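Trainee: Quick one: the structure is below, questions incoming.
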Amino acid sequence: MDRNAFTIPLLAIAVLGVYFESEQLTKPAPPDGKVHVAYWEKWTAFEFDAMKKVVDEFNKSQNKIQVDILSISNIEDKTLMAISGRIPPDVVGLYGENVTQYADSHAVITLDELCKEAGIKKEDYIPAYWNVGVVRNKLYALPSTPATTALHYNRGLFKEVGLDPDKPPKTFHELDDMAEKLTKREPNGHVIRTGFMPGEPGWWNWAWGPFFGGKLWDGKSKITFNCPENVEAYTWVQHFSVNWGASALQSFQAGFANTFSSSNNPFMTGQTAMEIQGVWMYNFIQKFNPQLDWAAAPFPAAKPNLPDPTVIDLDVLCIPTGAKHPKEAFEFLKFVETQKGLEMLCLGQKKITPLRKVSPGFIEHHPNPFIKLFIKAAYSPTTCAAPKIGIWSQYKDEITNAFSEITLMTKTPKQALDDVNNRMQPMLDQYLARLRARGEE
C-alpha cells in the first residue's frame with residue numbers, strides 16, 4: 001500500500017491543527033488600541049500558570065502592548081509549520097535543544113543587537129544557560145526556566161538496609177555498592193525493588209558518556225560516540241543487566257511506562273531507591289507523596305577529576321522569523337529577563353534562576369529545601385548539555401536505541417557504540433556540507 005495514503009491525511013490533520021491554533025494571529029486585533037503579541041508556550045498546569053502571572057504583570061506594567069499567551073502541544077513541530085505557513089506567533093517558548101535546528105532553518109531571528117541595545121549581557125547569566133541560546137557565535141534564544149540534575153534518594157530505604165541517610169554515595173563505586181544493598185529480588189530472580197537503574201527515568205541516556213569524560217562529537221567534524229570514555233560508561237550501564245538479569249530489569253521497568261507524573265512513579269512508591277532527576281522533581285513528590293522521606297545530593301563522580309556531574313536543561317524564548325510584531329515581542333522578552341521577571345517565573349515553577357545574581361528572597365521563599373544544591377550544580381565543572389548540531393534529534397534517537405541494545409545485552413557496548421558512530425558520521429558529513437554550501441559552518 002502506498003504509504004502516502006497515510007502520510008497525506010496525517011499531514012492535513014497537523015496543518016489543520018496549526019491553523020486553528022494560529023487563528024489568533026490572523027483575526028483582527030481587539031479594538032483596544034494595543035499591539036497584540038501572540039505568545040506560544042509548551043507548558044500546562046502550574047508551569048503555564050507561573051508564566052501567565054508574568055504575562056499579566058507585563059500587561060499591567062504598560063498600556064501599549066498586550067501579550068496573549070496560548071498553551072501549545074508539540075510546540076517544536078507546530079511552530080515550524082506555522083513559520084513555513086507564514087503565520088508564526090510573535091514569541092515562542094522552546095526547549096534548549098531545539099535552538100540549533102531552528103537557527104539552521106532560519107526559523108528564529110538573532111537577538112544580539114536587540115540585547116545590546118537593551119543592556120542584556122551574557123555576564124549577567126550563568127554561562128551554561130546563556131550558551132544554550134548561542135549557535136555559531138550568534139544569539140537566537142534567551143533563557144526562561146533552567147534546571148540541573150542531582151541524585152534523589154529515599155532516606156527511609158537507606159535506613160531499612162542499614163545505610164546512613166545522611167551519607168549518600170559520592171562515587172560511582174559507592175553508588176554501585178549501595179544500589180546492590182537496596183535492590184530486592186525474589187528467589188526466582190524477579191526484581192521487586194532497584195537501588196538504582198541508569199535507565200530510570202531514561203531521559204538522559206546520552207549523558208553517561210560525558211559523566212565519564214567522553215564527548216558526543218569533537219565540535220568540528222567527527223562523531224566520537226565510540227571513544228574509550230563512552231565505551232567505559234556504557235560498560236558500566238550494562239553491568240546492571242549482568243548483575244541483575246536483563247530480562248528481570250526489563251520486566252521490572254516495563255511496569256512503569258508513562259508513570260512519571262503520577263502516584264505510580266517508582267520513586268514515589270519506593271520501588272526505586274535512587275535516581276537521577278531534575279530540580280522539578282520536588283513538585284511531583286509534593287503532589288503525589290508529600291510524606292516521602294527523601295533528599296537530594298550531588299550526583300556521584302565517575303572519576304575523581306569529574307566531580308558533581310549534572311545535566312544542563314533549559315527552556316528558552318525566541319522570536320520566530322516572520323513575526324508580525326518583533327519589536328513589541330522583544331519588549332516582553334526584556335521584561336521576562338529582568339531579575340524580577342525571571343525570579344517570579346522560576347519561583348512559580350519552583351526551579352532555579354538562570355541569572356548569576358539571586359535575591360535573598362528567592363532562596364528564602366523557595367519551597368525546595370535543596371534549591372541551593374541545584375543552583376550550585378549549574379557551576380559544576382562537569383556539566384553536560386545537548387550538542388549544538390542540527391541532527392541532534394536523530395543522534396539522540398540512535399543513542400536511545402543503542403542504550404536498549406546494551407541493557408538488553410543484545411550487543412556489547414563497543415559494538416553498539418561503533419554502530420551509532422558508523423550511522424551518524426555520514427549524517428554529520430551531510431549536515432556540515434549543507435552549512436558550508438550556505439557559508440554558515
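Order determines the names: the first chain of the C-alpha cells is A, the second B, and so forth; residues in each chain are numbered 1 upward, and ligands are numbered 1 upward as they are shown.
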Counting only C-alpha atoms, give me one row per residue of region 275-351 of chain A with an atom at most 6 Å from an atom of region 131-152 of chain A, showing the shortest contact pair and its distance in Å to one decimal, sorted by chain then residue number, as a tab-separated table.
Mentor:
residue	atom	partner	partner_atom	distance
A:Glu275	CA	A:His152	CA	5.5
A:Ile276	CA	A:Leu151	CA	4.8
A:Gln277	CA	A:Thr149	CA	5.2
A:Gly278	CA	A:Thr149	CA	4.1
A:Val279	CA	A:Ala147	CA	5.9
A:Ala295	CA	A:His152	CA	5.8
A:Ala296	CA	A:His152	CA	4.5
A:Ala297	CA	A:Leu151	CA	5.3
A:Pro298	CA	A:Ala150	CA	5.2
A:Phe299	CA	A:Leu151	CA	4.8
A:Thr310	CA	A:Thr149	CA	5.2
A:Val311	CA	A:Thr149	CA	5.6
A:Ile312	CA	A:Thr148	CA	5.2
A:Asp313	CA	A:Ala147	CA	5.0
A:Leu314	CA	A:Pro146	CA	4.2
A:Asp315	CA	A:Thr145	CA	5.3
A:Val316	CA	A:Pro143	CA	4.5
A:Leu317	CA	A:Leu142	CA	5.3
A:Cys318	CA	A:Ala141	CA	4.9
A:Cys346	CA	A:Thr145	CA	5.8
Trainee: Store the residues picked out above in a file with C-alpha atoms, as a JSON list (two decimals), in the first residue's frame.
Mentor:
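Dumped to selection.json:
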[["chain", "number", "residue", "atom", "x", "y", "z"],
["A", 275, "GLU", "CA", 17.60, 8.07, 40.65],
["A", 276, "ILE", "CA", 18.93, 10.99, 38.68],
["A", 277, "GLN", "CA", 16.32, 13.74, 38.45],
["A", 278, "GLY", "CA", 15.96, 17.48, 37.96],
["A", 279, "VAL", "CA", 15.04, 20.32, 40.28],
["A", 295, "ALA", "CA", 16.81, 14.01, 49.96],
["A", 296, "ALA", "CA", 18.90, 15.29, 47.04],
["A", 297, "ALA", "CA", 22.69, 15.34, 46.76],
["A", 298, "PRO", "CA", 25.31, 15.99, 44.09],
["A", 299, "PHE", "CA", 25.38, 13.10, 41.65],
["A", 310, "THR", "CA", 24.97, 17.35, 36.14],
["A", 311, "VAL", "CA", 22.83, 17.71, 33.05],
["A", 312, "ILE", "CA", 22.03, 21.27, 31.98],
["A", 313, "ASP", "CA", 18.39, 21.60, 30.98],
["A", 314, "LEU", "CA", 16.75, 24.81, 29.81],
["A", 315, "ASP", "CA", 13.56, 26.30, 28.40],
["A", 316, "VAL", "CA", 14.10, 29.26, 26.10],
["A", 317, "LEU", "CA", 12.28, 32.17, 24.49],
["A", 318, "CYS", "CA", 12.67, 33.03, 20.79],
["A", 346, "CYS", "CA", 11.22, 30.38, 38.24]]
Trainee: DSSP on the backbone: which residues in region 181-221 of chain A end up as alpha helix (DSSP H)? Give the answer as a PyMOL selection string.
Mentor: chain A and resi 181-182+208-211
Trainee: Between A:Trp206, A:Phe260, A:Phe284, A:Phe240, which residue has the minimum interatomic distance to Val191 (chain A), considering only C-alpha atoms?
Mentor: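 That would be A:Phe240, the residue with the smallest distance to Val191 (chain A).
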Trainee: At a cut-off of 8 Å, using only C-alpha atoms, what residues contact region 363-367 of chain A? Leave out same-chain residues fewer than 4 positions from it and give the result as a VMD selection string.
Mentor: chain A and resid 347 350 358 to 359 371 to 372
Trainee: Output the selection as a PDB file, in the first residue's frame - N, CA and C atoms for each residue.
Mentor:
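Everything below was put into again_18.pdb:
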ATOM      1  N   LEU A 347      10.400  30.943  40.447  1.00  0.00           N
ATOM      2  CA  LEU A 347       9.841  30.601  41.749  1.00  0.00           C
ATOM      3  C   LEU A 347       8.457  29.994  41.586  1.00  0.00           C
ATOM      4  N   LYS A 350       9.047  26.641  40.678  1.00  0.00           N
ATOM      5  CA  LYS A 350       9.892  26.012  41.698  1.00  0.00           C
ATOM      6  C   LYS A 350      11.179  25.448  41.103  1.00  0.00           C
ATOM      7  N   VAL A 358      21.180  36.352  42.509  1.00  0.00           N
ATOM      8  CA  VAL A 358      19.965  35.758  43.070  1.00  0.00           C
ATOM      9  C   VAL A 358      19.577  36.561  44.305  1.00  0.00           C
ATOM     10  N   SER A 359      18.337  36.991  44.362  1.00  0.00           N
ATOM     11  CA  SER A 359      17.905  37.777  45.514  1.00  0.00           C
ATOM     12  C   SER A 359      17.742  36.890  46.739  1.00  0.00           C
ATOM     13  N   ILE A 371      17.305  23.776  47.015  1.00  0.00           N
ATOM     14  CA  ILE A 371      17.446  24.693  45.889  1.00  0.00           C
ATOM     15  C   ILE A 371      18.887  25.185  45.733  1.00  0.00           C
ATOM     16  N   LYS A 372      19.604  25.399  46.839  1.00  0.00           N
ATOM     17  CA  LYS A 372      20.994  25.855  46.742  1.00  0.00           C
ATOM     18  C   LYS A 372      21.858  24.803  46.050  1.00  0.00           C
TER      19      LYS A 372
END
Trainee: Would you list the contacts of Arg434 (chain A) as a list in words, taking every protein, DNA or RNA residue within 12 Å and counting only C-alpha atoms, but skipping same-chain residues closer than 4 positions in sequence?
Mentor: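 That gives Asp104, Ser105, Gly390, Ile391, Met427, Leu428, Asp429, Gln430, Arg438, Gly439, Glu440 and Glu441 of chain A.
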Trainee: Find the residues around Leu333 (chain A) up to 12 Å (only C-alpha atoms counted), leave out those fewer than 6 positions away in its own chain, and share them as a list in words.
Mentor: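 Here the qualifying residues turn out to be Val37, Tyr39, Val54, Val55, Phe58, Val67, Asp90, Val91, Val92, Gly93, Leu111, Leu114, Cys115, Ala118, Ile120, Ala141, Leu142, Pro143, Ser144, Val316, Leu317, Cys318, Ile319, Pro326, Lys327, Gly341 and Leu342 of chain A.
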Trainee: Which is closest to Asp68 (chain A) among A:Ala329, A:Pro187, A:Ile83, A:Val336, if we use only C-alpha atoms?
Mentor: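 When distances to Asp68 (chain A) are compared using only C-alpha atoms, the smallest one comes from A:Ala329.
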Trainee: With distances taken over only C-alpha atoms, which of A:Val420, A:Ala233, A:Ala386, A:Leu408 is nearest to Val99 (chain A)?
Mentor: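 Nearest to Val99 (chain A): A:Ala386.
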Trainee: Measure the distance from CA of Leu94 (chain A) to CA of Ala437 (chain A) in Å and round it to one decimal.
Mentor: 27.4 Å
Trainee: Excluding same-chain residues fewer than 3 positions from region 268-271 of chain A, what lies within 12 Å of it counting only C-alpha atoms, as a PyMOL selection string?
Mentor: chain A and resi 152-158+160+182-185+191-197+200+252-253+255-256+259-265+274-275+281-294
